[in-house]
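Okay, entry24.cif is below, mmCIF, C-alpha atoms (C1' of nucleotides):
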```
data_entry
loop_
_atom_site.label_atom_id
_atom_site.label_comp_id
_atom_site.auth_asym_id
_atom_site.auth_seq_id
_atom_site.Cartn_x
_atom_site.Cartn_y
_atom_site.Cartn_z
CA MET N 11 0.00 0.00 0.00
CA VAL N 12 1.23 3.45 -0.88
CA ILE N 13 1.72 6.04 1.78
CA LEU N 14 -0.51 9.03 1.42
CA THR N 15 0.73 11.65 3.79
CA PRO N 16 -1.30 14.84 4.00
CA VAL N 17 1.41 16.67 2.09
CA SER N 18 1.83 15.47 -1.44
CA ASP N 19 5.54 16.02 -1.90
CA ALA N 20 6.58 14.32 1.30
CA THR N 21 7.18 11.11 -0.56
CA PHE N 22 10.84 11.21 -1.38
CA ASP N 23 13.49 8.61 -0.89
CA ARG N 24 14.41 8.87 2.77
CA SER N 25 17.21 6.39 2.48
CA ARG N 26 19.19 8.98 0.54
CA CYS N 27 18.19 11.98 2.62
CA SER N 28 21.09 14.33 3.10
CA VAL N 29 20.11 15.19 6.63
CA ALA N 30 20.37 11.56 7.59
CA GLY N 31 23.63 11.26 5.70
CA THR N 32 25.13 14.23 7.45
CA LEU N 33 24.01 12.94 10.81
CA SER N 34 25.60 9.60 10.12
CA VAL N 35 28.89 11.48 9.91
CA VAL N 36 28.56 14.07 12.65
CA GLY N 37 25.46 12.96 14.52
CA GLU N 38 27.04 10.87 17.24
CA LYS N 39 27.46 12.26 20.68
CA TRP N 40 30.33 14.76 20.97
CA SER N 41 31.08 14.95 17.25
CA LEU N 42 29.61 18.40 16.73
CA LEU N 43 31.16 19.62 19.94
CA VAL N 44 34.54 18.44 18.74
CA LEU N 45 33.96 20.50 15.63
CA ARG N 46 32.93 23.49 17.69
CA GLU N 47 36.31 23.31 19.39
CA ALA N 48 38.03 22.84 16.07
CA PHE N 49 36.46 26.07 14.83
CA LEU N 50 37.74 27.77 17.95
CA GLY N 51 41.22 26.64 17.07
CA VAL N 52 41.63 23.73 19.47
CA ARG N 53 43.66 21.02 17.78
CA ARG N 54 45.28 18.81 20.37
CA PHE N 55 43.84 15.74 21.95
CA GLY N 56 44.48 16.87 25.48
CA ASP N 57 43.02 20.31 24.90
CA LEU N 58 39.94 18.80 23.34
CA GLN N 59 39.51 16.45 26.21
CA GLN N 60 39.88 19.21 28.75
CA ALA N 61 37.53 21.55 26.91
CA LEU N 62 34.84 18.96 26.36
CA GLY N 63 35.10 16.68 29.35
CA ALA N 64 34.39 13.72 27.11
CA PRO N 65 35.73 10.29 27.99
CA LYS N 66 39.04 9.61 26.31
CA ALA N 67 37.82 6.49 24.59
CA VAL N 68 34.86 8.25 23.03
CA LEU N 69 36.99 11.19 21.98
CA THR N 70 39.49 8.85 20.35
CA ASP N 71 36.71 7.17 18.46
CA ARG N 72 35.04 10.39 17.35
CA LEU N 73 38.31 11.84 16.13
CA ALA N 74 39.03 8.66 14.22
CA THR N 75 35.70 8.67 12.45
CA LEU N 76 35.92 12.37 11.67
CA VAL N 77 39.35 11.77 10.16
CA ARG N 78 38.10 8.75 8.28
CA GLU N 79 35.22 10.81 6.90
CA GLY N 80 37.56 13.53 5.79
CA VAL N 81 36.25 16.20 8.12
CA LEU N 82 39.49 16.45 10.06
CA THR N 83 43.07 15.55 9.26
CA ARG N 84 45.51 14.08 11.71
CA GLU N 85 48.88 15.70 11.28
CA PRO N 86 52.15 15.20 13.11
CA TYR N 87 53.74 18.10 14.89
CA ARG N 88 56.52 18.45 17.33
CA ALA N 89 56.81 21.02 20.07
CA GLU N 90 60.12 22.16 21.52
CA GLY N 91 61.66 19.43 23.64
CA GLU N 92 58.73 17.08 23.30
CA ARG N 93 58.19 14.01 21.27
CA GLN N 94 56.16 13.99 18.12
CA ARG N 95 52.43 14.18 18.52
CA HIS N 96 49.43 14.64 16.29
CA GLU N 97 46.98 17.42 15.92
CA TYR N 98 43.58 17.51 14.32
CA ARG N 99 42.73 20.17 11.77
CA LEU N 100 39.64 20.97 9.81
CA THR N 101 39.61 20.13 6.14
CA ASP N 102 37.59 22.11 3.63
CA LYS N 103 34.90 19.52 4.05
CA GLY N 104 34.96 20.15 7.78
CA ARG N 105 35.06 23.91 7.48
CA ASP N 106 31.96 23.70 5.36
CA LEU N 107 30.03 22.55 8.41
CA TYR N 108 30.41 26.00 9.90
CA PRO N 109 27.00 27.32 8.85
CA ALA N 110 25.29 24.32 10.40
CA LEU N 111 27.11 24.83 13.65
CA VAL N 112 26.35 28.53 13.67
CA ALA N 113 22.69 27.79 13.01
CA LEU N 114 22.53 25.38 15.94
CA MET N 115 24.27 27.91 18.15
CA ALA N 116 21.93 30.69 17.09
CA TRP N 117 18.93 28.59 18.00
CA GLY N 118 20.34 27.89 21.43
CA ASP N 119 21.15 31.54 21.94
CA ARG N 120 17.62 32.47 21.08
CA TRP N 121 15.58 29.81 22.79
CA LEU N 122 17.63 28.46 25.65
CA ALA N 123 19.41 31.54 26.86
CA ASP N 124 19.39 32.53 30.47
CA GLY N 125 21.46 35.56 29.69
CA PRO N 126 23.51 36.99 26.85
CA PRO N 127 24.93 34.57 24.31
CA PRO N 128 28.09 33.00 25.73
CA LEU N 129 29.85 33.36 22.40
CA ALA N 130 29.43 36.26 20.00
CA LEU N 131 30.49 35.99 16.38
CA GLU N 132 31.62 39.07 14.55
CA HIS N 133 32.78 39.73 11.04
CA ARG N 134 36.53 40.14 11.19
CA ASP N 135 36.50 42.93 8.64
CA CYS N 136 33.72 45.13 9.91
CA GLY N 137 32.99 43.94 13.42
CA ALA N 138 29.29 43.42 12.82
CA ALA N 139 27.50 40.39 14.22
CA VAL N 140 27.43 37.27 12.09
CA ARG N 141 24.32 35.17 11.64
CA VAL N 142 22.89 32.57 9.30
CA ALA N 143 20.22 33.60 6.87
CA LEU N 144 17.99 31.69 4.53
CA VAL N 145 18.18 33.24 1.08
CA CYS N 146 17.12 32.28 -2.40
CA ASP N 147 19.23 32.59 -5.49
CA ASP N 148 17.26 35.60 -6.64
CA GLY N 149 18.53 37.43 -3.59
CA HIS N 150 15.38 37.43 -1.47
CA GLU N 151 15.63 36.67 2.19
CA VAL N 152 13.45 33.70 3.04
CA GLY N 153 11.39 34.05 6.18
CA GLY N 154 10.94 30.44 7.09
CA PRO N 155 9.75 27.02 6.05
CA ARG N 156 6.36 28.37 5.05
CA GLU N 157 7.95 30.20 2.17
CA VAL N 158 9.79 27.13 0.91
CA ARG N 159 8.58 24.33 -1.28
CA ALA N 160 10.46 21.05 -1.02
CA ARG N 161 10.59 19.11 -4.22
CA ALA N 162 11.72 15.51 -4.32
CA ALA N 163 14.15 14.54 -7.01
CA GLU N 164 12.85 12.11 -9.60
CA ALA N 165 12.70 8.69 -8.06
CA GLY N 166 13.75 5.52 -9.76
CA VAL N 167 17.21 6.73 -10.59
CA PRO N 168 19.43 4.04 -9.16
CA ARG N 169 22.35 4.89 -6.98
CA ALA N 170 24.66 6.28 -9.70
CA MET J 2 45.03 25.43 37.40
CA VAL J 3 43.73 27.57 34.60
CA ILE J 4 43.43 26.20 31.10
CA LEU J 5 45.65 27.93 28.62
CA THR J 6 44.72 26.74 25.17
CA PRO J 7 46.86 27.93 22.31
CA VAL J 8 44.07 30.17 21.07
CA SER J 9 43.35 33.05 23.36
CA ASP J 10 39.62 33.38 22.85
CA ALA J 11 38.90 29.70 23.14
CA THR J 12 38.44 30.10 26.87
CA PHE J 13 34.75 30.59 27.25
CA ASP J 14 32.32 28.84 29.50
CA ARG J 15 31.58 25.59 27.70
CA SER J 16 28.97 24.60 30.19
CA ARG J 17 26.71 27.29 28.78
CA CYS J 18 27.58 26.77 25.14
CA SER J 19 24.54 27.11 22.94
CA VAL J 20 25.61 24.36 20.61
CA ALA J 21 25.66 21.94 23.51
CA GLY J 22 22.36 23.29 24.73
CA THR J 23 20.72 22.84 21.37
CA LEU J 24 22.08 19.35 21.06
CA SER J 25 20.70 18.45 24.45
CA VAL J 26 17.28 19.21 23.00
CA VAL J 27 17.54 17.84 19.46
CA GLY J 28 20.80 15.90 19.53
CA GLU J 29 19.50 12.47 20.37
CA LYS J 30 19.15 9.90 17.68
CA TRP J 31 16.14 10.46 15.40
CA SER J 32 15.19 13.86 16.82
CA LEU J 33 16.39 15.89 13.87
CA LEU J 34 14.92 13.38 11.47
CA VAL J 35 11.57 13.72 13.19
CA LEU J 36 11.86 17.44 12.63
CA ARG J 37 12.76 16.92 8.99
CA GLU J 38 9.48 15.05 8.60
CA ALA J 39 7.65 17.73 10.52
CA PHE J 40 8.92 20.34 8.07
CA LEU J 41 7.66 18.15 5.24
CA GLY J 42 4.24 18.21 6.81
CA VAL J 43 4.16 14.78 8.42
CA ARG J 44 2.25 14.98 11.67
CA ARG J 45 0.90 11.59 12.63
CA PHE J 46 2.65 8.98 14.67
CA GLY J 47 2.12 6.23 12.17
CA ASP J 48 3.28 8.31 9.24
CA LEU J 49 6.37 9.32 11.13
CA GLN J 50 7.14 5.75 11.99
CA GLN J 51 6.69 4.61 8.45
CA ALA J 52 8.75 7.44 7.01
CA LEU J 53 11.60 7.04 9.47
CA GLY J 54 11.66 3.37 10.26
CA ALA J 55 12.49 4.19 13.84
CA PRO J 56 11.44 1.84 16.64
CA LYS J 57 8.12 2.85 18.10
CA ALA J 58 9.47 3.15 21.61
CA VAL J 59 12.18 5.55 20.56
CA LEU J 60 9.80 7.57 18.46
CA THR J 61 7.39 7.84 21.37
CA ASP J 62 10.19 9.05 23.58
CA ARG J 63 11.57 11.57 21.07
CA LEU J 64 8.14 13.03 20.43
CA ALA J 65 7.55 13.34 24.14
CA THR J 66 10.79 15.20 24.74
CA LEU J 67 10.27 17.44 21.74
CA VAL J 68 6.83 18.30 23.08
CA ARG J 69 8.21 18.81 26.57
CA GLU J 70 10.86 21.13 25.16
CA GLY J 71 8.28 23.12 23.28
CA VAL J 72 9.50 22.25 19.81
CA LEU J 73 6.35 20.35 18.91
CA THR J 74 2.81 20.42 20.24
CA ARG J 75 0.60 17.40 20.61
CA GLU J 76 -2.90 18.23 19.49
CA PRO J 77 -6.02 16.14 19.30
CA TYR J 78 -7.75 15.67 15.99
CA ARG J 79 -10.45 13.42 14.74
CA ALA J 80 -10.81 12.05 11.27
CA GLU J 81 -14.11 11.00 9.74
CA GLY J 82 -15.33 7.77 11.32
CA GLU J 83 -12.29 7.30 13.46
CA ARG J 84 -11.65 7.86 17.09
CA GLN J 85 -9.74 10.82 18.41
CA ARG J 86 -6.01 10.79 17.90
CA HIS J 87 -3.14 13.21 18.31
CA GLU J 88 -0.91 14.91 15.86
CA TYR J 89 2.40 16.65 16.32
CA ARG J 90 2.94 20.13 14.96
CA LEU J 91 5.86 22.47 14.94
CA THR J 92 5.79 25.44 17.26
CA ASP J 93 7.53 28.71 16.46
CA LYS J 94 10.42 27.43 18.49
CA GLY J 95 10.51 24.32 16.35
CA ARG J 96 10.11 26.17 13.07
CA ASP J 97 13.12 28.23 14.02
CA LEU J 98 15.27 25.13 13.68
CA TYR J 99 14.71 25.22 9.95
CA PRO J 100 17.97 26.97 9.06
CA ALA J 101 19.97 24.44 11.01
CA LEU J 102 18.27 21.57 9.24
CA VAL J 103 18.75 23.19 5.86
CA ALA J 104 22.42 23.73 6.65
CA LEU J 105 22.90 20.08 7.55
CA MET J 106 21.08 19.03 4.42
CA ALA J 107 23.16 21.32 2.25
CA TRP J 108 26.34 19.83 3.61
CA GLY J 109 25.16 16.34 2.85
CA ASP J 110 24.09 17.37 -0.62
CA ARG J 111 27.49 18.80 -1.26
CA TRP J 112 29.80 16.27 0.32
CA LEU J 113 27.99 12.97 0.43
CA ALA J 114 26.04 13.05 -2.80
CA ASP J 115 26.18 10.22 -5.25
CA GLY J 116 23.87 12.05 -7.55
CA PRO J 117 21.58 15.06 -7.52
CA PRO J 118 20.21 16.23 -4.17
CA PRO J 119 17.26 14.07 -3.23
CA LEU J 120 15.32 17.09 -2.06
CA ALA J 121 15.42 20.51 -3.67
CA LEU J 122 14.20 23.58 -1.82
CA GLU J 123 12.76 26.47 -3.77
CA HIS J 124 11.38 29.83 -2.80
CA ARG J 125 7.63 29.58 -3.06
CA ASP J 126 7.33 33.08 -4.48
CA CYS J 127 10.00 33.05 -7.14
CA GLY J 128 10.97 29.44 -7.60
CA ALA J 129 14.68 30.03 -7.06
CA ALA J 130 16.75 27.62 -5.02
CA VAL J 131 16.97 28.22 -1.29
CA ARG J 132 20.20 27.98 0.66
CA VAL J 133 21.70 29.09 3.92
CA ALA J 134 24.17 31.93 3.92
CA LEU J 135 26.42 33.41 6.53
CA VAL J 136 25.94 37.15 6.63
CA CYS J 137 26.91 39.97 8.93
CA ASP J 138 24.63 42.73 10.09
CA ASP J 139 26.32 45.20 7.76
CA GLY J 140 25.07 43.14 4.86
CA HIS J 141 28.30 41.46 3.81
CA GLU J 142 28.28 37.81 2.93
CA VAL J 143 30.71 35.95 5.14
CA GLY J 144 32.89 33.42 3.37
CA GLY J 145 33.66 31.09 6.22
CA PRO J 146 35.04 30.66 9.72
CA ARG J 147 38.28 32.37 8.77
CA GLU J 148 36.42 35.67 8.44
CA VAL J 149 34.76 35.34 11.80
CA ARG J 150 36.06 36.22 15.21
CA ALA J 151 34.43 34.47 18.16
CA ARG J 152 34.30 36.52 21.29
CA ALA J 153 33.44 35.00 24.64
CA ALA J 154 30.95 36.84 26.77
CA GLU J 155 32.26 38.27 30.02
CA ALA J 156 32.77 35.45 32.44
CA GLY J 157 31.88 35.56 36.08
CA VAL J 158 28.28 36.54 35.49
CA PRO J 159 26.36 33.97 37.46
CA ARG J 160 23.52 32.08 35.90
CA ALA J 161 21.01 34.91 36.25
"C1'" DG H 19 68.28 3.12 34.28
"C1'" DT H 20 63.95 5.55 36.66
"C1'" DG H 21 60.31 8.73 36.62
"C1'" DC H 22 56.79 11.12 34.32
"C1'" DG H 23 53.34 13.06 31.13
"C1'" DC H 24 50.84 12.65 27.00
"C1'" DG H 25 47.97 10.04 24.03
"C1'" DG H 26 45.83 6.66 23.81
"C1'" DT H 27 43.59 1.33 24.82
"C1'" DT H 28 41.15 -1.90 27.93
"C1'" DC H 29 37.63 -3.12 30.99
"C1'" DG H 30 33.33 -3.54 33.89
"C1'" DG H 31 29.10 -1.33 34.52
"C1'" DC H 32 25.18 1.47 33.10
"C1'" DA H 33 22.24 3.92 29.77
"C1'" DA H 34 20.28 4.12 25.31
"C1'" DG H 35 18.59 2.02 21.01
"C1'" DT H 36 16.43 -2.05 18.69
"C1'" DG H 37 12.80 -5.34 17.01
"C1'" DA H 38 9.19 -8.19 18.25
"C1'" DA H 39 5.45 -9.19 21.09
"C1'" DC H 40 1.83 -7.53 23.55
"C1'" DC H 41 -1.97 -4.26 25.03
"C1'" DC H 42 -6.00 -1.40 24.84
"C1'" DA H 43 -9.53 1.99 23.27
"C1'" DG H 44 -12.98 2.38 20.07
"C1'" DC H 45 -15.16 1.94 15.58
"C1'" DA H 46 -17.19 -1.62 12.39
"C1'" DT H 47 -19.50 -5.88 11.64
"C1'" DG H 48 -22.82 -9.62 12.41
"C1'" DC R 30 -24.31 -7.80 22.43
"C1'" DA R 31 -19.83 -10.29 21.11
"C1'" DT R 32 -16.20 -10.14 17.81
"C1'" DG R 33 -12.60 -8.55 15.23
"C1'" DC R 34 -9.59 -4.96 13.34
"C1'" DT R 35 -6.61 -0.86 13.63
"C1'" DG R 36 -3.86 2.81 15.30
"C1'" DG R 37 -1.03 4.24 18.87
"C1'" DG R 38 1.36 3.09 21.98
"C1'" DT R 39 3.97 -0.03 26.13
"C1'" DT R 40 6.86 -4.04 27.61
"C1'" DC R 41 10.52 -7.03 27.17
"C1'" DA R 42 14.98 -9.27 26.05
"C1'" DC R 43 18.87 -8.15 23.54
"C1'" DT R 44 22.56 -5.39 21.55
"C1'" DT R 45 25.06 -1.29 21.07
"C1'" DG R 46 26.98 2.82 22.88
"C1'" DC R 47 28.68 5.74 26.62
"C1'" DC R 48 31.05 6.24 30.88
"C1'" DG R 49 34.98 6.58 34.37
"C1'" DA R 50 38.84 4.53 36.08
"C1'" DA R 51 42.70 1.75 35.44
"C1'" DC R 52 46.25 0.48 32.61
"C1'" DC R 53 49.85 0.81 28.82
"C1'" DG R 54 53.83 2.55 26.04
"C1'" DC R 55 56.57 5.86 23.88
"C1'" DG R 56 60.04 9.25 24.39
"C1'" DC R 57 61.99 13.11 26.98
"C1'" DA R 58 64.32 14.55 31.49
"C1'" DC R 59 67.11 13.28 35.06
#
```

Take the structure in the file and give it back as structure tokens.
Amino acid sequence: MVILTPVSDATFDRSRCSVAGTLSVVGEKWSLLVLREAFLGVRRFGDLQQALGAPKAVLTDRLATLVREGVLTREPYRAEGERQRHEYRLTDKGRDLYPALVALMAWGDRWLADGPPPLALEHRDCGAAVRVALVCDDGHEVGGPREVRARAAEAGVPRA
Amino acid sequence: MVILTPVSDATFDRSRCSVAGTLSVVGEKWSLLVLREAFLGVRRFGDLQQALGAPKAVLTDRLATLVREGVLTREPYRAEGERQRHEYRLTDKGRDLYPALVALMAWGDRWLADGPPPLALEHRDCGAAVRVALVCDDGHEVGGPREVRARAAEAGVPRA
DNA sequence: GTGCGCGGTTCGGCAAGTGAACCCAGCATG
DNA sequence: CATGCTGGGTTCACTTGCCGAACCGCGCAC
């Protein structure tokens, strides 16, 4: 029997949904917080652990999967008088998660705040506050989901 | 002992971080996928279950917490010749998660695709594609994290 | 060599997620 | 009325994931 949801275009192929795909990469516990730290410039295992308070084993695992997925790279470095260690840096793929992280942060700032936002983002050039906006390619600012139509790609196309 | 991370402004109060706060509301497994369906107009328990394939028990729990957090409401309805049931609808607070979801989807479209994006978003008014953009309040488009400075709020202010 | 600190790995216990079975209200049917 | 069916859950046994503490091993300092 065919599903007939109240909204006609809700019948797209969920198994290929990009939200689910993204979450399979960064949706585990701590992953997005690791990336938050990465965007703040934290690169070393110990610093990450201290900043996050995550169990070492979990942190090890999350870093490994993020590296495996190409979101971070693991690069050797060597500080004065210490042995070689590794640090974790964002790749382009990882840096491209910035808008998502900013959007999540903005929501928390707005709806969960019990005071001023704990972290303010400002444009390095002009000092003005940075935020995420929904825009369309004609340059309009989009107010919200009500103004958006979701269209499913043609089904039946096999996986490449 | 005070933490001294290599980056000076990385020392903000993580315990109040809005990313972590947001994730504590929508970061559990399935939560964001439930919201994806909500944005597509799916409102009924059974439809959600069928669309997601999530275990009923988990779905029940996620819906309950999303309602408790004020992201969804649970409202009675009654279809012709059926008994009363409940449906789950987005609140303003929930609708405001749209940019975050779109950002996650965009990332997946870009980096995980093995074909065209399974779901295209277009501006209802003009038909142009919808995307998330990072902008500053002076109207500039922000290229990425490199152009952003994160500034921690003054510490020491107790939790209101 | 011994000690020590960093970056992990291992381990036992607990919480969360999973699928299948079960339950129950209420409409439909006979 | 009894009976069955259906949607929306709950319960249960099992697996997976997360947790904190203990342990390990490399390489520098002594």

Practice problem: Output the contact residues of chain N with respect to chain R at a cut-off of 7 Å, based on only C-alpha atoms (C1' of nucleotides), as a ChimeraX atom specification. | Solution: /N:65,92-93

Exercise. Carefully work through the PyMOL selection byres ((chain H) within 8 of (chain N)) for this structure and note down the residues it includes, as a VMD selection string.
Key: chain H and resid 24 to 27

Exercise. List the residues matched by the PyMOL selection byres ((chain N) within 6 of (chain J)) in the displayed structure as JSON, numbers by chain, ordered by chain and then by residue number.
Key: {"N": [17, 20, 28, 29, 32, 50, 110, 113, 114, 115, 118, 119, 128, 129, 130, 131, 132, 133, 134, 138, 139, 140, 141, 142, 143, 144, 145, 146, 147, 157, 158, 159, 160, 161, 162, 163]}

Is it possible to get the axis-aligned box enclosing region 119-136 of chain J (all listed atoms, 3 Å extra per side) as AutoDock Vina command-line options, with centre and edge lengths in Å rounded to one decimal?
```
--center_x 16.9 --center_y 25.6 --center_z -0.5 --size_x 25.1 --size_y 29.1 --size_z 20.2
```

Quiz prompt | Atom pair CA of Leu60 (chain J) / CA of Tyr78 (chain J): separation (Å) | solution =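 Between CA of Leu60 (chain J) and CA of Tyr78 (chain J) the gap works out to 19.5 Å.
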